[in-house]
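J.: So that we are looking at the same thing, I have put the structure below in structure tokens.
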Amino acid sequence: MSSASKGDRKASLDAASWLFNVVTSVAIILVNKALMATYGFSFATTLTGMHFATTTLLTVILKSLGYIQTSHLPKSDIIKFVLFANCSIVGMNVSLMWNSVGFYQIAKLTMIPVSCLLEVVLDNVRYSRDTKLSIILVLAGVAVCTVTDVSVNAKGFIAAVIAVCSTALQQYYVHYLQRKYSIGSFNLLGHTAPAQAASLLLVGPFMDYWLTNKRVDAYDYGLTSVLFIILSCTIAVGTNLSQFICIGRFTAVSFQVLGHMKTILVLFMGFIFFGKEGLNLHVVLGMTIAIAGMVWYGNASSKPGGKERRSFSLPTTKTQDYAALPVSSESVEKE
């Protein structure tokens, strides 16, 4: 196969990976917003446990059918990954409860600088001036259209710091484990999803009761709400898988920067489906700035020297042919 054909195939797979992640992420946020706002199912941590239980079920089925090969991942790495991932989920929910929505959004934006710092310190990655400026432009645009009232307190600030650091570490670890052990996204999910499902389903009901003062077992389950829960779990399989694919193919920083396109789409889709009260020139300007920054980042980071790792201490990930895998339709973000 010629180098041009290989490049075209890689570009097609990259685009398909991003599209898969964007579609499933936007879909699950809209479904969860309807589930929580319309049907009152506000048990975000427990719902995330259900998501990972569904993901575990799919990986078990695919492994029994031979689509997922047996691989090894040390228990110590699984424990560290699950600890980071669960702290991220719980920390984000607690941060939203204790802080204003404005500060919650600011905290989410700081994940990109923290992820950059991890890559610089741990992987010796260096960014060009244009790449750095494009990241700043993306952050400015998203801040303009999402950050409104900002208030913070001591315990809310601590929760936000824990949430941001654990999320950045979890996403860095996704890329790190795939490179170090040369395993694909399905294999990594097969190792981590069962532990996350078990821990979140165990802790989730207590955490949700603490956050909402409501018991998940006392919820009035109706046919429509149950169908929405099933739909949410089904889409979550694709969201979890696409996140691992994208971070594995790219890096946590690229995933965060280009991932803000999902924030823009969620805002836009929210205006379409849930009313246009918040749609104004201020929001449109922020969306435009953010999209321009994303385009600039994609161009700047792909140029020679735009973003490069100075030393390679880990083996390169074996690229898996995801197009050959059967694909079914992020952790829950409380609305």
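Residue names in the structure tokens use chain letters A, B, ... in the order shown, residue numbers from 1 in each chain, and ligand numbers from 1 in the order shown.
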Please run DSSP on the backbone and report, as a PyMOL selection string, all residues within stretch 69-318 of chain A that come out as strand (DSSP E or B).
T.: chain A and resi 125-127+307-309
J.: Can you write just those residues out, N, CA, C and O atoms, as a PDB file, in the first residue's frame?
T.:
```pdb
ATOM      1  N   VAL A 125       6.702  16.490  25.813  1.00  0.00           N
ATOM      2  CA  VAL A 125       6.084  17.056  24.612  1.00  0.00           C
ATOM      3  C   VAL A 125       6.331  18.557  24.590  1.00  0.00           C
ATOM      4  O   VAL A 125       6.291  19.224  25.625  1.00  0.00           O
ATOM      5  N   ARG A 126       6.573  19.094  23.396  1.00  0.00           N
ATOM      6  CA  ARG A 126       6.770  20.534  23.235  1.00  0.00           C
ATOM      7  C   ARG A 126       5.768  21.062  22.214  1.00  0.00           C
ATOM      8  O   ARG A 126       5.526  20.441  21.187  1.00  0.00           O
ATOM      9  N   TYR A 127       5.189  22.237  22.519  1.00  0.00           N
ATOM     10  CA  TYR A 127       4.177  22.841  21.654  1.00  0.00           C
ATOM     11  C   TYR A 127       4.738  24.090  20.985  1.00  0.00           C
ATOM     12  O   TYR A 127       5.485  24.857  21.596  1.00  0.00           O
ATOM     13  N   LYS A 307       3.535  20.085  17.508  1.00  0.00           N
ATOM     14  CA  LYS A 307       3.411  19.346  18.762  1.00  0.00           C
ATOM     15  C   LYS A 307       4.231  18.087  18.594  1.00  0.00           C
ATOM     16  O   LYS A 307       3.898  17.222  17.788  1.00  0.00           O
ATOM     17  N   GLU A 308       5.308  17.972  19.329  1.00  0.00           N
ATOM     18  CA  GLU A 308       6.176  16.823  19.138  1.00  0.00           C
ATOM     19  C   GLU A 308       6.718  16.310  20.464  1.00  0.00           C
ATOM     20  O   GLU A 308       6.919  17.068  21.406  1.00  0.00           O
ATOM     21  N   ARG A 309       6.912  15.001  20.503  1.00  0.00           N
ATOM     22  CA  ARG A 309       7.490  14.366  21.686  1.00  0.00           C
ATOM     23  C   ARG A 309       8.980  14.235  21.458  1.00  0.00           C
ATOM     24  O   ARG A 309       9.422  13.634  20.484  1.00  0.00           O
TER      25      ARG A 309
END
```
J.: Do you have, as CSV, the list of residues of stretch 67-100 of chain A lying at most 8 Å from stretch 178-195 of chain A, each with its nearest atom pair and that distance in Å to one decimal, counting only C-alpha atoms and ordered by chain then number?
T.:
```
residue,atom,partner,partner_atom,distance
A:Ile68,CA,A:Asn187,CA,6.5
A:Gln69,CA,A:Asn187,CA,7.3
A:Thr70,CA,A:Asn187,CA,7.7
A:Ser71,CA,A:Asn187,CA,6.9
A:His72,CA,A:Tyr181,CA,7.9
A:Leu73,CA,A:His191,CA,7.1
A:Ile78,CA,A:Thr192,CA,6.1
A:Phe81,CA,A:Thr192,CA,7.5
A:Val82,CA,A:Thr192,CA,6.7
```
J.: Store the residues picked out above in a file with all heavy atoms, as a short mmCIF file (atom, residue, chain, number, x, y, z; two decimals), in the first residue's frame.
T.:
```cif
data_model
loop_
_atom_site.label_atom_id
_atom_site.label_comp_id
_atom_site.auth_asym_id
_atom_site.auth_seq_id
_atom_site.Cartn_x
_atom_site.Cartn_y
_atom_site.Cartn_z
N ILE A 68 -12.46 -9.66 20.41
CA ILE A 68 -11.49 -9.06 21.31
C ILE A 68 -10.49 -10.12 21.72
O ILE A 68 -10.87 -11.16 22.27
CB ILE A 68 -12.15 -8.46 22.56
CG1 ILE A 68 -13.17 -7.38 22.17
CG2 ILE A 68 -11.10 -7.86 23.49
CD1 ILE A 68 -13.88 -6.76 23.35
N GLN A 69 -9.22 -9.87 21.44
CA GLN A 69 -8.19 -10.84 21.78
C GLN A 69 -7.80 -10.71 23.25
O GLN A 69 -7.92 -9.64 23.85
CB GLN A 69 -6.95 -10.63 20.90
CG GLN A 69 -7.21 -10.85 19.41
CD GLN A 69 -5.98 -10.59 18.57
OE1 GLN A 69 -4.99 -10.05 19.07
NE2 GLN A 69 -6.04 -10.96 17.31
N THR A 70 -7.34 -11.81 23.82
CA THR A 70 -6.90 -11.81 25.21
C THR A 70 -5.65 -10.95 25.36
O THR A 70 -4.72 -11.04 24.56
CB THR A 70 -6.60 -13.25 25.68
OG1 THR A 70 -7.76 -14.05 25.52
CG2 THR A 70 -6.18 -13.25 27.15
N SER A 71 -5.64 -10.10 26.36
CA SER A 71 -4.49 -9.22 26.60
C SER A 71 -4.26 -9.13 28.11
O SER A 71 -5.11 -9.51 28.91
CB SER A 71 -4.73 -7.83 26.02
OG SER A 71 -5.89 -7.25 26.58
N HIS A 72 -3.09 -8.61 28.45
CA HIS A 72 -2.72 -8.52 29.87
C HIS A 72 -2.58 -7.07 30.28
O HIS A 72 -1.98 -6.25 29.57
CB HIS A 72 -1.39 -9.24 30.12
CG HIS A 72 -0.85 -9.04 31.51
ND1 HIS A 72 -1.46 -9.57 32.63
CD2 HIS A 72 0.22 -8.32 31.96
CE1 HIS A 72 -0.78 -9.21 33.71
NE2 HIS A 72 0.24 -8.45 33.33
N LEU A 73 -3.16 -6.73 31.43
CA LEU A 73 -3.01 -5.41 32.03
C LEU A 73 -2.85 -5.62 33.53
O LEU A 73 -3.73 -6.19 34.18
CB LEU A 73 -4.23 -4.53 31.74
CG LEU A 73 -4.10 -3.04 32.06
CD1 LEU A 73 -3.02 -2.40 31.19
CD2 LEU A 73 -5.42 -2.33 31.82
N ILE A 78 -4.83 -1.14 36.58
CA ILE A 78 -6.30 -1.10 36.55
C ILE A 78 -6.82 -0.33 37.76
O ILE A 78 -7.72 0.52 37.64
CB ILE A 78 -6.89 -2.52 36.52
CG1 ILE A 78 -6.51 -3.25 35.23
CG2 ILE A 78 -8.42 -2.48 36.67
CD1 ILE A 78 -6.98 -4.69 35.18
N PHE A 81 -6.16 3.39 37.32
CA PHE A 81 -7.05 3.97 36.32
C PHE A 81 -8.46 4.15 36.88
O PHE A 81 -9.08 5.21 36.70
CB PHE A 81 -7.10 3.07 35.08
CG PHE A 81 -8.03 3.58 34.01
CD1 PHE A 81 -7.58 4.45 33.05
CD2 PHE A 81 -9.36 3.17 33.97
CE1 PHE A 81 -8.43 4.94 32.07
CE2 PHE A 81 -10.22 3.66 33.00
CZ PHE A 81 -9.75 4.54 32.05
N VAL A 82 -8.98 3.11 37.53
CA VAL A 82 -10.34 3.18 38.08
C VAL A 82 -10.42 4.26 39.16
O VAL A 82 -11.43 4.97 39.26
CB VAL A 82 -10.76 1.81 38.64
CG1 VAL A 82 -12.08 1.90 39.41
CG2 VAL A 82 -10.91 0.80 37.50
#
```
J.: In Å, rounded to a single decimal, give me how far atom CA of A:Thr131 is from atom CA of A:Ser166.
T.: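 So the answer is 24.2 Å.
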J.: Just the residues within 7 Å of stretch 87-95 of chain A, please, counting only C-alpha atoms, with nothing from its chain fewer than 6 positions along; format it as a list in words.
T.: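 My list of contacting residues is Thr45, Tyr104, Gly156, Ala159, Ala160, Ile162, Ala163, Ser166, Thr167, Ser331 and Lys334 of chain A.
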J.: Determine, counting only C-alpha atoms, which protein, DNA and RNA residues have an atom within 12 Å of an atom of A:Thr54; residues of the same chain fewer than 4 positions away are not included. Present the result as a count of residues only.
T.: 31
J.: Which value, in Å to one decimal, gives the distance between atom CA of A:Ile272 and atom CA of A:Gly102?
T.: 22.2 Å
J.: Find the nearest atom pair between each residue of stretch 158-220 of chain A and stretch 248-263 of chain A for residues within 6 Å, count only C-alpha atoms, give distances in Å to one decimal, sort rows by chain and ascending number, and present the table as a tab-separated table.
T.:
```
residue	atom	partner	partner_atom	distance
A:Gln171	CA	A:Ala252	CA	5.5
A:Tyr172	CA	A:Ala252	CA	5.5
A:His175	CA	A:Gly248	CA	4.8
```
J.: Generate a file of the selected residues that holds N, CA, C and O atoms, formatted as a JSON list (two decimals), in the first residue's frame.
T.:
```
[["chain", "number", "residue", "atom", "x", "y", "z"],
["A", 171, "GLN", "N", -7.54, 10.65, 31.52],
["A", 171, "GLN", "CA", -7.43, 10.72, 30.06],
["A", 171, "GLN", "C", -5.99, 10.51, 29.61],
["A", 171, "GLN", "O", -5.75, 9.88, 28.58],
["A", 172, "TYR", "N", -5.03, 11.02, 30.38],
["A", 172, "TYR", "CA", -3.62, 10.75, 30.06],
["A", 172, "TYR", "C", -3.35, 9.25, 30.16],
["A", 172, "TYR", "O", -2.64, 8.68, 29.32],
["A", 175, "HIS", "N", -4.27, 7.01, 27.09],
["A", 175, "HIS", "CA", -3.26, 7.02, 26.03],
["A", 175, "HIS", "C", -2.00, 6.27, 26.47],
["A", 175, "HIS", "O", -1.41, 5.51, 25.69]]
```
J.: Name the residues of stretch 98-224 of chain A that come out as alpha helix (DSSP H) in a backbone DSSP run; write them as a PyMOL selection string.
T.: chain A and resi 98+101-109+111-123+129-146+154-181+185-212+223-224
J.: Please save C-alpha atoms of the selected residues as a CSV table (one decimal), in the first residue's frame.
T.:
```csv
chain,number,residue,atom,x,y,z
A,98,TRP,CA,-20.9,23.1,45.6
A,101,VAL,CA,-22.4,26.8,37.0
A,102,GLY,CA,-20.0,29.5,35.9
A,103,PHE,CA,-17.1,28.3,38.1
A,104,TYR,CA,-17.9,24.7,37.2
A,105,GLN,CA,-17.4,25.6,33.5
A,106,ILE,CA,-14.2,27.4,34.3
A,107,ALA,CA,-12.9,24.3,36.1
A,108,LYS,CA,-13.7,22.2,33.1
A,109,LEU,CA,-11.7,24.6,30.9
A,111,MET,CA,-8.4,20.5,32.1
A,112,ILE,CA,-6.6,21.5,28.9
A,113,PRO,CA,-3.7,23.4,30.6
A,114,VAL,CA,-3.4,20.5,33.2
A,115,SER,CA,-3.4,17.9,30.4
A,116,CYS,CA,-0.7,20.0,28.6
A,117,LEU,CA,1.4,20.1,31.8
A,118,LEU,CA,1.1,16.3,32.1
A,119,GLU,CA,2.3,15.8,28.6
A,120,VAL,CA,5.2,18.3,29.0
A,121,VAL,CA,6.4,16.8,32.3
A,122,LEU,CA,5.7,13.1,31.7
A,123,ASP,CA,6.1,12.7,27.9
A,129,ARG,CA,3.7,29.1,19.5
A,130,ASP,CA,0.7,28.7,17.2
A,131,THR,CA,-0.5,25.6,18.9
A,132,LYS,CA,-0.4,27.4,22.3
A,133,LEU,CA,-2.2,30.4,20.9
A,134,SER,CA,-4.9,28.2,19.3
A,135,ILE,CA,-5.6,26.5,22.6
A,136,ILE,CA,-5.9,29.9,24.3
A,137,LEU,CA,-8.4,30.9,21.6
A,138,VAL,CA,-10.5,27.8,22.1
A,139,LEU,CA,-10.6,28.4,25.8
A,140,ALA,CA,-11.6,32.0,25.4
A,141,GLY,CA,-14.4,31.1,23.0
A,142,VAL,CA,-15.9,28.4,25.1
A,143,ALA,CA,-15.6,30.7,28.2
A,144,VAL,CA,-17.5,33.5,26.4
A,145,CYS,CA,-20.5,31.2,25.5
A,146,THR,CA,-20.6,29.1,28.7
A,154,ALA,CA,-13.3,26.6,49.8
A,155,LYS,CA,-14.9,23.2,49.7
A,156,GLY,CA,-16.2,23.8,46.2
A,157,PHE,CA,-12.7,24.8,45.0
A,158,ILE,CA,-11.1,21.7,46.5
A,159,ALA,CA,-13.8,19.5,44.8
A,160,ALA,CA,-13.0,21.2,41.5
A,161,VAL,CA,-9.2,20.7,41.9
A,162,ILE,CA,-9.7,17.0,42.6
A,163,ALA,CA,-12.1,16.7,39.6
A,164,VAL,CA,-9.9,18.5,37.2
A,165,CYS,CA,-6.7,16.6,38.2
A,166,SER,CA,-8.3,13.2,38.3
A,167,THR,CA,-10.0,13.8,34.8
A,168,ALA,CA,-6.7,14.9,33.3
A,169,LEU,CA,-4.9,11.9,34.8
A,170,GLN,CA,-7.6,9.5,33.6
A,171,GLN,CA,-7.4,10.7,30.1
A,172,TYR,CA,-3.6,10.7,30.1
A,173,TYR,CA,-3.7,7.2,31.4
A,174,VAL,CA,-5.9,6.0,28.6
A,175,HIS,CA,-3.3,7.0,26.0
A,176,TYR,CA,-0.4,5.9,28.3
A,177,LEU,CA,-1.8,2.3,28.8
A,178,GLN,CA,-2.6,1.8,25.1
A,179,ARG,CA,1.0,2.8,24.1
A,180,LYS,CA,2.7,1.0,26.9
A,181,TYR,CA,0.9,-2.4,26.5
A,185,SER,CA,-9.6,0.5,22.9
A,186,PHE,CA,-11.9,-2.5,23.3
A,187,ASN,CA,-9.2,-4.4,25.2
A,188,LEU,CA,-8.7,-1.5,27.6
A,189,LEU,CA,-12.4,-1.2,28.1
A,190,GLY,CA,-12.6,-4.9,28.8
A,191,HIS,CA,-10.1,-4.5,31.6
A,192,THR,CA,-11.4,-1.3,33.2
A,193,ALA,CA,-15.2,-1.3,32.7
A,194,PRO,CA,-16.0,-4.2,35.0
A,195,ALA,CA,-14.1,-2.6,37.9
A,196,GLN,CA,-15.7,0.8,37.3
A,197,ALA,CA,-19.2,-0.7,37.0
A,198,ALA,CA,-18.8,-2.7,40.3
A,199,SER,CA,-17.4,0.3,42.2
A,200,LEU,CA,-19.9,2.9,40.9
A,201,LEU,CA,-22.9,0.6,41.4
A,202,LEU,CA,-21.7,0.0,44.9
A,203,VAL,CA,-20.9,3.6,45.8
A,204,GLY,CA,-23.3,5.4,43.4
A,205,PRO,CA,-26.6,5.0,45.4
A,206,PHE,CA,-25.0,6.4,48.6
A,207,MET,CA,-23.3,9.2,46.7
A,208,ASP,CA,-26.5,10.2,44.8
A,209,TYR,CA,-28.5,10.2,48.1
A,210,TRP,CA,-25.9,12.5,49.6
A,211,LEU,CA,-26.0,14.8,46.5
A,212,THR,CA,-29.8,14.8,45.9
A,223,LEU,CA,-42.1,2.6,31.1
A,224,THR,CA,-40.8,5.8,29.4
```
J.: If I take atom CA of A:Ser151 and atom CA of A:Ser100, how far is one from the other in Å, to one decimal?
T.: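 One can read the atom CA of A:Ser151 to atom CA of A:Ser100 distance as 5.5 Å.
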J.: Between A:Leu265, A:Ala34, A:Cys246, A:Val284, which residue has the minimum interatomic distance to A:Asp14, considering only C-alpha atoms?
T.: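 Selected residue with least distance to A:Asp14: A:Cys246.
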